[in-house]
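Trainee: Just one file: coords-v9.csv, with CSV, N, CA and C atoms.
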```csv
chain,number,residue,atom,x,y,z
A,1,MET,N,-142.4,-90.5,-62.0
A,1,MET,CA,-143.5,-90.3,-62.8
A,1,MET,C,-143.2,-89.2,-63.8
A,2,GLU,N,-143.4,-89.5,-65.0
A,2,GLU,CA,-143.2,-88.5,-66.0
A,2,GLU,C,-144.4,-87.7,-66.3
A,3,LEU,N,-144.2,-86.4,-66.5
A,3,LEU,CA,-145.4,-85.5,-66.8
A,3,LEU,C,-145.5,-85.5,-68.3
A,4,THR,N,-146.6,-86.1,-68.8
A,4,THR,CA,-146.8,-86.1,-70.2
A,4,THR,C,-147.5,-84.8,-70.6
A,5,THR,N,-147.4,-84.5,-71.9
A,5,THR,CA,-148.0,-83.3,-72.4
A,5,THR,C,-149.5,-83.2,-72.1
A,6,GLU,N,-150.2,-84.3,-72.2
A,6,GLU,CA,-151.7,-84.3,-71.9
A,6,GLU,C,-152.0,-84.0,-70.5
A,7,ILE,N,-151.2,-84.5,-69.6
A,7,ILE,CA,-151.4,-84.2,-68.1
A,7,ILE,C,-151.1,-82.7,-67.9
A,8,ALA,N,-150.0,-82.2,-68.5
A,8,ALA,CA,-149.6,-80.8,-68.3
A,8,ALA,C,-150.7,-79.9,-68.8
A,9,VAL,N,-151.3,-80.2,-70.0
A,9,VAL,CA,-152.4,-79.4,-70.5
A,9,VAL,C,-153.6,-79.5,-69.6
A,10,LEU,N,-153.9,-80.6,-69.1
A,10,LEU,CA,-155.1,-80.8,-68.2
A,10,LEU,C,-154.8,-80.0,-66.9
A,11,LEU,N,-153.7,-80.1,-66.3
A,11,LEU,CA,-153.4,-79.4,-65.1
A,11,LEU,C,-153.4,-77.9,-65.4
A,12,GLY,N,-152.9,-77.4,-66.5
A,12,GLY,CA,-152.9,-76.0,-66.8
A,12,GLY,C,-154.3,-75.5,-67.0
A,13,ALA,N,-155.2,-76.3,-67.6
A,13,ALA,CA,-156.6,-75.9,-67.8
A,13,ALA,C,-157.3,-75.9,-66.4
A,14,LEU,N,-157.0,-76.8,-65.6
A,14,LEU,CA,-157.7,-76.8,-64.3
A,14,LEU,C,-157.2,-75.6,-63.4
A,15,ILE,N,-155.9,-75.4,-63.4
A,15,ILE,CA,-155.4,-74.2,-62.6
A,15,ILE,C,-156.0,-72.9,-63.2
A,16,GLY,N,-155.9,-72.8,-64.5
A,16,GLY,CA,-156.5,-71.6,-65.2
A,16,GLY,C,-157.9,-71.4,-64.9
A,17,GLY,N,-158.7,-72.5,-65.0
A,17,GLY,CA,-160.1,-72.4,-64.7
A,17,GLY,C,-160.4,-72.0,-63.3
A,18,GLY,N,-159.6,-72.6,-62.4
A,18,GLY,CA,-159.8,-72.3,-60.9
A,18,GLY,C,-159.5,-70.9,-60.6
A,19,ILE,N,-158.5,-70.3,-61.2
A,19,ILE,CA,-158.1,-68.9,-61.0
A,19,ILE,C,-159.2,-68.0,-61.6
A,20,SER,N,-159.7,-68.4,-62.7
A,20,SER,CA,-160.8,-67.6,-63.4
A,20,SER,C,-162.0,-67.6,-62.5
A,21,ILE,N,-162.4,-68.7,-61.9
A,21,ILE,CA,-163.6,-68.8,-61.0
A,21,ILE,C,-163.3,-68.0,-59.8
A,22,LEU,N,-162.1,-68.1,-59.2
A,22,LEU,CA,-161.8,-67.3,-58.0
A,22,LEU,C,-161.9,-65.8,-58.3
A,23,THR,N,-161.3,-65.4,-59.4
A,23,THR,CA,-161.3,-64.0,-59.8
A,23,THR,C,-162.8,-63.5,-60.0
A,24,ALA,N,-163.6,-64.2,-60.6
A,24,ALA,CA,-165.0,-63.8,-60.8
A,24,ALA,C,-165.7,-63.7,-59.5
A,25,TRP,N,-165.5,-64.7,-58.6
A,25,TRP,CA,-166.1,-64.6,-57.3
A,25,TRP,C,-165.7,-63.4,-56.5
A,26,LEU,N,-164.4,-63.1,-56.5
A,26,LEU,CA,-163.9,-61.9,-55.8
A,26,LEU,C,-164.4,-60.6,-56.4
A,27,GLN,N,-164.5,-60.5,-57.7
A,27,GLN,CA,-165.1,-59.3,-58.3
A,27,GLN,C,-166.6,-59.2,-57.9
A,28,ARG,N,-167.3,-60.3,-57.9
A,28,ARG,CA,-168.7,-60.3,-57.5
A,28,ARG,C,-168.9,-59.8,-56.1
A,29,LYS,N,-168.1,-60.3,-55.2
A,29,LYS,CA,-168.1,-60.0,-53.8
A,29,LYS,C,-167.8,-58.5,-53.6
A,30,THR,N,-166.8,-58.0,-54.3
A,30,THR,CA,-166.4,-56.6,-54.2
A,30,THR,C,-167.5,-55.7,-54.8
A,31,GLN,N,-168.2,-56.1,-55.9
A,31,GLN,CA,-169.2,-55.4,-56.5
A,31,GLN,C,-170.4,-55.3,-55.5
A,32,ILE,N,-170.7,-56.4,-54.9
A,32,ILE,CA,-171.9,-56.4,-53.9
A,32,ILE,C,-171.6,-55.4,-52.8
A,33,SER,N,-170.3,-55.4,-52.3
A,33,SER,CA,-170.0,-54.4,-51.2
A,33,SER,C,-170.1,-53.0,-51.7
A,34,ARG,N,-169.6,-52.7,-52.9
A,34,ARG,CA,-169.7,-51.4,-53.4
A,34,ARG,C,-171.2,-51.0,-53.6
A,35,ASP,N,-172.0,-51.9,-54.1
A,35,ASP,CA,-173.5,-51.6,-54.3
A,35,ASP,C,-174.1,-51.3,-52.9
A,36,MET,N,-173.8,-52.1,-51.9
A,36,MET,CA,-174.3,-51.9,-50.6
A,36,MET,C,-174.0,-50.5,-50.0
A,37,ALA,N,-172.7,-50.1,-50.2
A,37,ALA,CA,-172.3,-48.8,-49.7
A,37,ALA,C,-173.0,-47.7,-50.5
A,38,ARG,N,-173.2,-47.9,-51.8
A,38,ARG,CA,-173.9,-46.9,-52.5
A,38,ARG,C,-175.4,-46.8,-52.1
A,39,ILE,N,-176.0,-47.9,-51.9
A,39,ILE,CA,-177.4,-47.9,-51.5
A,39,ILE,C,-177.5,-47.3,-50.1
A,40,ALA,N,-176.6,-47.6,-49.2
A,40,ALA,CA,-176.6,-47.1,-47.8
A,40,ALA,C,-176.5,-45.6,-47.9
A,41,TYR,N,-175.6,-45.1,-48.7
A,41,TYR,CA,-175.3,-43.7,-48.9
A,41,TYR,C,-176.6,-43.0,-49.4
A,42,GLU,N,-177.2,-43.5,-50.4
A,42,GLU,CA,-178.4,-42.9,-51.0
A,42,GLU,C,-179.5,-42.8,-50.0
A,43,MET,N,-179.7,-43.9,-49.2
A,43,MET,CA,-180.8,-43.9,-48.2
A,43,MET,C,-180.4,-42.9,-47.1
A,44,ALA,N,-179.2,-42.8,-46.7
A,44,ALA,CA,-178.8,-41.9,-45.7
A,44,ALA,C,-179.0,-40.4,-46.1
A,45,VAL,N,-178.6,-40.1,-47.3
A,45,VAL,CA,-178.8,-38.8,-47.8
A,45,VAL,C,-180.2,-38.4,-47.9
A,46,LYS,N,-181.1,-39.3,-48.3
A,46,LYS,CA,-182.5,-38.9,-48.3
A,46,LYS,C,-183.0,-38.6,-46.9
A,47,GLU,N,-182.7,-39.5,-46.0
A,47,GLU,CA,-183.2,-39.2,-44.6
A,47,GLU,C,-182.5,-38.0,-44.0
A,48,TYR,N,-181.3,-37.8,-44.3
A,48,TYR,CA,-180.5,-36.6,-43.8
A,48,TYR,C,-181.2,-35.3,-44.3
A,49,GLU,N,-181.4,-35.3,-45.6
A,49,GLU,CA,-182.1,-34.1,-46.2
A,49,GLU,C,-183.4,-33.8,-45.6
A,50,THR,N,-184.2,-34.9,-45.4
A,50,THR,CA,-185.5,-34.7,-44.8
A,50,THR,C,-185.5,-34.2,-43.4
A,51,ILE,N,-184.5,-34.7,-42.6
A,51,ILE,CA,-184.4,-34.2,-41.2
A,51,ILE,C,-183.9,-32.8,-41.2
A,52,ILE,N,-183.0,-32.5,-42.0
A,52,ILE,CA,-182.5,-31.1,-42.1
A,52,ILE,C,-183.6,-30.1,-42.5
A,53,ALA,N,-184.4,-30.5,-43.4
A,53,ALA,CA,-185.5,-29.7,-43.9
A,53,ALA,C,-186.6,-29.4,-42.8
A,54,HIS,N,-186.7,-30.4,-41.9
A,54,HIS,CA,-187.7,-30.3,-40.8
A,54,HIS,C,-187.2,-30.0,-39.5
A,55,SER,N,-185.9,-29.7,-39.4
A,55,SER,CA,-185.2,-29.4,-38.1
A,55,SER,C,-184.6,-28.1,-38.1
A,56,ALA,N,-185.3,-27.0,-38.5
A,56,ALA,CA,-184.7,-25.7,-38.5
A,56,ALA,C,-184.2,-25.3,-37.1
A,57,GLY,N,-182.9,-24.9,-37.1
A,57,GLY,CA,-182.3,-24.5,-35.8
A,57,GLY,C,-181.9,-25.6,-34.9
A,58,LYS,N,-182.2,-26.8,-35.2
A,58,LYS,CA,-181.8,-27.9,-34.3
A,58,LYS,C,-180.5,-28.5,-34.8
A,59,THR,N,-179.7,-29.1,-33.9
A,59,THR,CA,-178.5,-29.8,-34.3
A,59,THR,C,-178.8,-31.2,-34.8
A,60,VAL,N,-178.2,-31.5,-35.9
A,60,VAL,CA,-178.4,-32.8,-36.5
A,60,VAL,C,-177.1,-33.5,-36.6
A,61,VAL,N,-177.1,-34.8,-36.3
A,61,VAL,CA,-175.8,-35.6,-36.4
A,61,VAL,C,-175.3,-35.6,-37.8
A,62,PRO,N,-174.0,-35.7,-38.0
A,62,PRO,CA,-173.5,-35.7,-39.4
A,62,PRO,C,-174.0,-36.8,-40.3
A,63,LEU,N,-173.9,-36.6,-41.5
A,63,LEU,CA,-174.3,-37.6,-42.5
A,63,LEU,C,-173.7,-38.9,-42.3
A,64,GLU,N,-172.4,-38.9,-41.8
A,64,GLU,CA,-171.7,-40.1,-41.6
A,64,GLU,C,-172.4,-41.1,-40.6
A,65,ALA,N,-173.1,-40.5,-39.6
A,65,ALA,CA,-173.9,-41.4,-38.7
A,65,ALA,C,-175.0,-42.1,-39.4
A,66,PHE,N,-175.7,-41.4,-40.4
A,66,PHE,CA,-176.8,-42.0,-41.1
A,66,PHE,C,-176.2,-43.1,-42.0
A,67,VAL,N,-175.1,-42.8,-42.7
A,67,VAL,CA,-174.5,-43.8,-43.6
A,67,VAL,C,-174.1,-45.1,-42.8
A,68,THR,N,-173.5,-44.9,-41.6
A,68,THR,CA,-173.1,-46.0,-40.8
A,68,THR,C,-174.3,-46.8,-40.3
A,69,TYR,N,-175.4,-46.1,-40.0
A,69,TYR,CA,-176.6,-46.8,-39.6
A,69,TYR,C,-177.2,-47.7,-40.7
A,70,TYR,N,-177.2,-47.1,-41.9
A,70,TYR,CA,-177.8,-47.8,-43.0
A,70,TYR,C,-176.9,-49.0,-43.5
A,71,MET,N,-175.6,-48.8,-43.3
A,71,MET,CA,-174.7,-49.9,-43.7
A,71,MET,C,-175.0,-51.1,-42.7
A,72,GLU,N,-175.2,-50.8,-41.4
A,72,GLU,CA,-175.5,-51.9,-40.5
A,72,GLU,C,-176.9,-52.5,-40.8
A,73,TYR,N,-177.8,-51.7,-41.1
A,73,TYR,CA,-179.1,-52.1,-41.5
A,73,TYR,C,-179.1,-53.1,-42.7
A,74,LEU,N,-178.4,-52.7,-43.8
A,74,LEU,CA,-178.3,-53.5,-45.0
A,74,LEU,C,-177.5,-54.8,-44.7
A,75,LYS,N,-176.5,-54.7,-43.8
A,75,LYS,CA,-175.8,-55.9,-43.5
A,75,LYS,C,-176.7,-56.9,-42.8
A,76,MET,N,-177.6,-56.4,-41.9
A,76,MET,CA,-178.5,-57.3,-41.2
A,76,MET,C,-179.5,-57.9,-42.3
A,77,VAL,N,-180.0,-57.1,-43.1
A,77,VAL,CA,-181.0,-57.6,-44.1
A,77,VAL,C,-180.3,-58.6,-45.1
A,78,LYS,N,-179.1,-58.3,-45.5
A,78,LYS,CA,-178.3,-59.2,-46.4
A,78,LYS,C,-178.1,-60.5,-45.8
A,79,SER,N,-178.0,-60.6,-44.5
A,79,SER,CA,-177.6,-61.9,-43.8
A,79,SER,C,-178.7,-62.9,-44.0
A,80,ASN,N,-179.9,-62.5,-44.5
A,80,ASN,CA,-181.1,-63.4,-44.6
A,80,ASN,C,-181.6,-64.0,-43.3
A,81,ARG,N,-181.2,-63.4,-42.2
A,81,ARG,CA,-181.7,-63.8,-40.9
A,81,ARG,C,-182.4,-62.6,-40.2
A,82,PHE,N,-182.7,-61.6,-41.0
A,82,PHE,CA,-183.3,-60.4,-40.4
A,82,PHE,C,-184.7,-60.8,-39.9
A,83,ARG,N,-185.0,-60.5,-38.6
A,83,ARG,CA,-186.3,-60.8,-38.0
A,83,ARG,C,-186.9,-59.5,-37.4
A,84,LEU,N,-188.1,-59.6,-37.0
A,84,LEU,CA,-188.7,-58.4,-36.4
A,84,LEU,C,-188.0,-58.1,-35.0
A,85,GLU,N,-187.5,-59.1,-34.4
A,85,GLU,CA,-186.8,-58.9,-33.1
A,85,GLU,C,-185.5,-58.1,-33.3
A,86,ASP,N,-185.0,-58.0,-34.6
A,86,ASP,CA,-183.8,-57.2,-34.8
A,86,ASP,C,-184.1,-55.7,-34.9
A,87,ILE,N,-185.3,-55.3,-35.0
A,87,ILE,CA,-185.6,-53.9,-35.1
A,87,ILE,C,-185.2,-53.1,-33.9
A,88,PRO,N,-185.5,-53.6,-32.6
A,88,PRO,CA,-185.0,-52.9,-31.5
A,88,PRO,C,-183.5,-52.8,-31.4
A,89,LYS,N,-182.8,-53.8,-31.9
A,89,LYS,CA,-181.3,-53.8,-31.9
A,89,LYS,C,-180.9,-52.7,-32.8
A,90,LEU,N,-181.5,-52.5,-34.0
A,90,LEU,CA,-181.2,-51.4,-34.9
A,90,LEU,C,-181.4,-50.1,-34.2
A,91,ARG,N,-182.6,-50.0,-33.5
A,91,ARG,CA,-182.9,-48.7,-32.8
A,91,ARG,C,-181.8,-48.4,-31.8
A,92,LYS,N,-181.4,-49.4,-31.0
A,92,LYS,CA,-180.3,-49.1,-30.0
A,92,LYS,C,-179.0,-48.8,-30.7
A,93,PHE,N,-178.7,-49.4,-31.8
A,93,PHE,CA,-177.5,-49.1,-32.5
A,93,PHE,C,-177.5,-47.6,-33.0
A,94,ARG,N,-178.7,-47.2,-33.5
A,94,ARG,CA,-178.8,-45.8,-33.9
A,94,ARG,C,-178.7,-44.8,-32.8
A,95,GLU,N,-179.3,-45.2,-31.6
A,95,GLU,CA,-179.3,-44.3,-30.5
A,95,GLU,C,-177.8,-44.1,-30.0
A,96,LYS,N,-177.1,-45.3,-29.9
A,96,LYS,CA,-175.7,-45.2,-29.5
A,96,LYS,C,-174.9,-44.4,-30.5
A,97,LEU,N,-175.1,-44.6,-31.8
A,97,LEU,CA,-174.4,-43.8,-32.8
A,97,LEU,C,-174.7,-42.3,-32.6
A,98,ASN,N,-175.9,-42.0,-32.4
A,98,ASN,CA,-176.3,-40.5,-32.2
A,98,ASN,C,-175.6,-40.0,-31.0
A,99,LEU,N,-175.6,-40.7,-29.9
A,99,LEU,CA,-174.9,-40.3,-28.7
A,99,LEU,C,-173.4,-40.0,-28.9
A,100,ILE,N,-172.8,-40.9,-29.7
A,100,ILE,CA,-171.4,-40.8,-30.0
A,100,ILE,C,-171.1,-39.5,-30.7
A,101,TYR,N,-171.9,-39.2,-31.7
A,101,TYR,CA,-171.7,-38.0,-32.5
A,101,TYR,C,-172.1,-36.8,-31.7
A,102,GLN,N,-173.1,-36.8,-30.9
A,102,GLN,CA,-173.5,-35.7,-30.1
A,102,GLN,C,-172.5,-35.3,-29.1
A,103,ASN,N,-171.8,-36.3,-28.5
A,103,ASN,CA,-170.8,-36.1,-27.5
A,103,ASN,C,-169.5,-35.6,-28.1
A,104,ASN,N,-169.3,-35.9,-29.4
A,104,ASN,CA,-168.1,-35.4,-30.0
A,104,ASN,C,-168.2,-34.0,-30.5
A,105,ASN,N,-169.4,-33.4,-30.5
A,105,ASN,CA,-169.5,-32.0,-31.0
A,105,ASN,C,-169.5,-31.0,-29.8
```
Please go through the file and, once you have read it, give me the structure as structure tokens.
Mentor:
Amino acid sequence: MELTTEIAVLLGALIGGGISILTAWLQRKTQISRDMARIAYEMAVKEYETIIAHSAGKTVVPLEAFVTYYMEYLKMVKSNRFRLEDIPKLRKFREKLNLIYQNNN
């Protein structure tokens, strides 16, 4: 089978278009992950600052624990399957996280 110019052009266009779509999809996925991390960080900082302001003299877990919690929270919300029954799971996750950080200090 001979590869004619028309077929070569068509294949080139299909391959180029496919790569372009794949690149756009990967960029979008990466951007969403970056946005989620930024939102989680902003939420964590707000809560951390509030707790620090109202916890004079008390030990507060590091900001990292708050960021980790909010990353998990946003992952659950993003999954589109977030239900009221998930709230206790989130609370347990936060309690575990706090214990881990308190035991490491």
Trainee: So what do you get for atom CA of A:Lys58 versus atom CA of A:Ile39, distance-wise?
Mentor: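 A separation of 26.7 Å between them.
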Trainee: So which residues touch A:Leu97 within 8 Å, counting only N, CA and C atoms, skipping near sequence neighbours fewer than 4 positions away, as a list in words?
Mentor: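 Here the answer would be Val61, Ala65, Phe66, Tyr69, Arg91, Lys92, Phe93, Tyr101, Gln102 and Asn103 of chain A.
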Trainee: If I take atom CA of A:Asp86 and atom CA of A:Ala44, how far is one from the other in Å, to one decimal?
Mentor: 19.4 Å
Trainee: What gap, in Å, lies between atom CA of A:Tyr70 and atom CA of A:Leu22?
Mentor: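 According to the coordinates, atom CA of A:Tyr70 and atom CA of A:Leu22 are separated by 29.3 Å.
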Trainee: When DSSP is applied to the backbone of this structure, which of chain A are assigned alpha helix (DSSP H)? Write them out as a ChimeraX atom specification.
Mentor: /A:5-53,63-78,86-103
Trainee: I'd like to know which of A:Asn98, A:Met71, A:Ile15, A:Ser20 is closest to A:Tyr41, using all atoms listed in the file.
Mentor: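 For A:Tyr41, the nearest of the given residues is A:Met71.
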Trainee: Compare A:Leu26, A:Ile32, A:Leu99, A:Ala40 by their minimum atom-to-atom distance to A:Thr68, counting only C-alpha atoms, and give me the closest one.
Mentor: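 Selected residue with least distance to A:Thr68: A:Ala40.
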Trainee: Near A:Asp35, counting only C-alpha atoms, which residues have an atom at most 12 Å away, once you skip same-chain residues fewer than 5 positions from it, shown as a count of residues only?
Mentor: 10
Trainee: Provide stretch 62-90 of chain A of the preceding structure as a file containing N, CA and C atoms, as a compact mmCIF listing (two decimals), in the first residue's frame.
Mentor:
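The resulting out-v1.txt:
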```txt
# COMPACT_ATOMS: atom_id res chain seq x y z
N PRO A 62 0.88 22.62 63.34
CA PRO A 62 1.45 23.46 62.27
C PRO A 62 0.45 23.73 61.14
N LEU A 63 0.74 24.77 60.40
CA LEU A 63 -0.09 25.14 59.26
C LEU A 63 -0.21 23.98 58.27
N GLU A 64 0.82 23.18 58.17
CA GLU A 64 0.81 22.03 57.26
C GLU A 64 -0.39 21.10 57.51
N ALA A 65 -0.75 20.92 58.77
CA ALA A 65 -1.90 20.07 59.12
C ALA A 65 -3.19 20.66 58.57
N PHE A 66 -3.32 21.97 58.65
CA PHE A 66 -4.52 22.63 58.14
C PHE A 66 -4.59 22.52 56.61
N VAL A 67 -3.45 22.71 55.95
CA VAL A 67 -3.41 22.60 54.49
C VAL A 67 -3.78 21.18 54.06
N THR A 68 -3.20 20.18 54.74
CA THR A 68 -3.49 18.78 54.41
C THR A 68 -4.98 18.50 54.58
N TYR A 69 -5.57 18.99 55.65
CA TYR A 69 -7.00 18.79 55.89
C TYR A 69 -7.83 19.41 54.77
N TYR A 70 -7.52 20.64 54.41
CA TYR A 70 -8.32 21.30 53.37
C TYR A 70 -8.10 20.70 51.99
N MET A 71 -6.91 20.15 51.74
CA MET A 71 -6.69 19.43 50.47
C MET A 71 -7.63 18.22 50.41
N GLU A 72 -7.72 17.48 51.51
CA GLU A 72 -8.61 16.32 51.56
C GLU A 72 -10.07 16.75 51.41
N TYR A 73 -10.43 17.82 52.10
CA TYR A 73 -11.80 18.36 52.01
C TYR A 73 -12.15 18.71 50.57
N LEU A 74 -11.27 19.46 49.90
CA LEU A 74 -11.55 19.87 48.52
C LEU A 74 -11.57 18.67 47.57
N LYS A 75 -10.75 17.67 47.84
CA LYS A 75 -10.75 16.46 47.02
C LYS A 75 -12.12 15.77 47.12
N MET A 76 -12.66 15.72 48.34
CA MET A 76 -13.98 15.10 48.53
C MET A 76 -15.07 15.91 47.83
N VAL A 77 -15.01 17.21 47.95
CA VAL A 77 -16.01 18.07 47.33
C VAL A 77 -15.91 17.98 45.80
N LYS A 78 -14.69 17.96 45.29
CA LYS A 78 -14.48 17.89 43.84
C LYS A 78 -14.98 16.58 43.24
N SER A 79 -15.01 15.54 44.03
CA SER A 79 -15.42 14.23 43.52
C SER A 79 -16.90 14.19 43.12
N ASN A 80 -17.66 15.23 43.48
CA ASN A 80 -19.10 15.32 43.17
C ASN A 80 -19.92 14.24 43.88
N ARG A 81 -19.31 13.58 44.84
CA ARG A 81 -20.03 12.56 45.61
C ARG A 81 -20.06 12.93 47.08
N PHE A 82 -19.79 14.18 47.38
CA PHE A 82 -19.75 14.63 48.77
C PHE A 82 -21.16 14.62 49.35
N ARG A 83 -21.31 13.92 50.47
CA ARG A 83 -22.62 13.81 51.13
C ARG A 83 -22.48 14.21 52.60
N LEU A 84 -23.58 14.41 53.24
CA LEU A 84 -23.56 14.76 54.66
C LEU A 84 -22.86 13.67 55.49
N GLU A 85 -22.96 12.43 55.04
CA GLU A 85 -22.33 11.32 55.77
C GLU A 85 -20.80 11.42 55.74
N ASP A 86 -20.26 12.24 54.84
CA ASP A 86 -18.81 12.39 54.73
C ASP A 86 -18.24 13.33 55.80
N ILE A 87 -19.09 14.14 56.40
CA ILE A 87 -18.61 15.11 57.40
C ILE A 87 -17.94 14.40 58.58
N PRO A 88 -18.53 13.34 59.15
CA PRO A 88 -17.82 12.64 60.23
C PRO A 88 -16.48 12.06 59.78
N LYS A 89 -16.39 11.61 58.53
CA LYS A 89 -15.11 11.10 58.00
C LYS A 89 -14.06 12.21 57.99
N LEU A 90 -14.49 13.41 57.59
CA LEU A 90 -13.57 14.54 57.59
C LEU A 90 -13.12 14.89 59.00
```
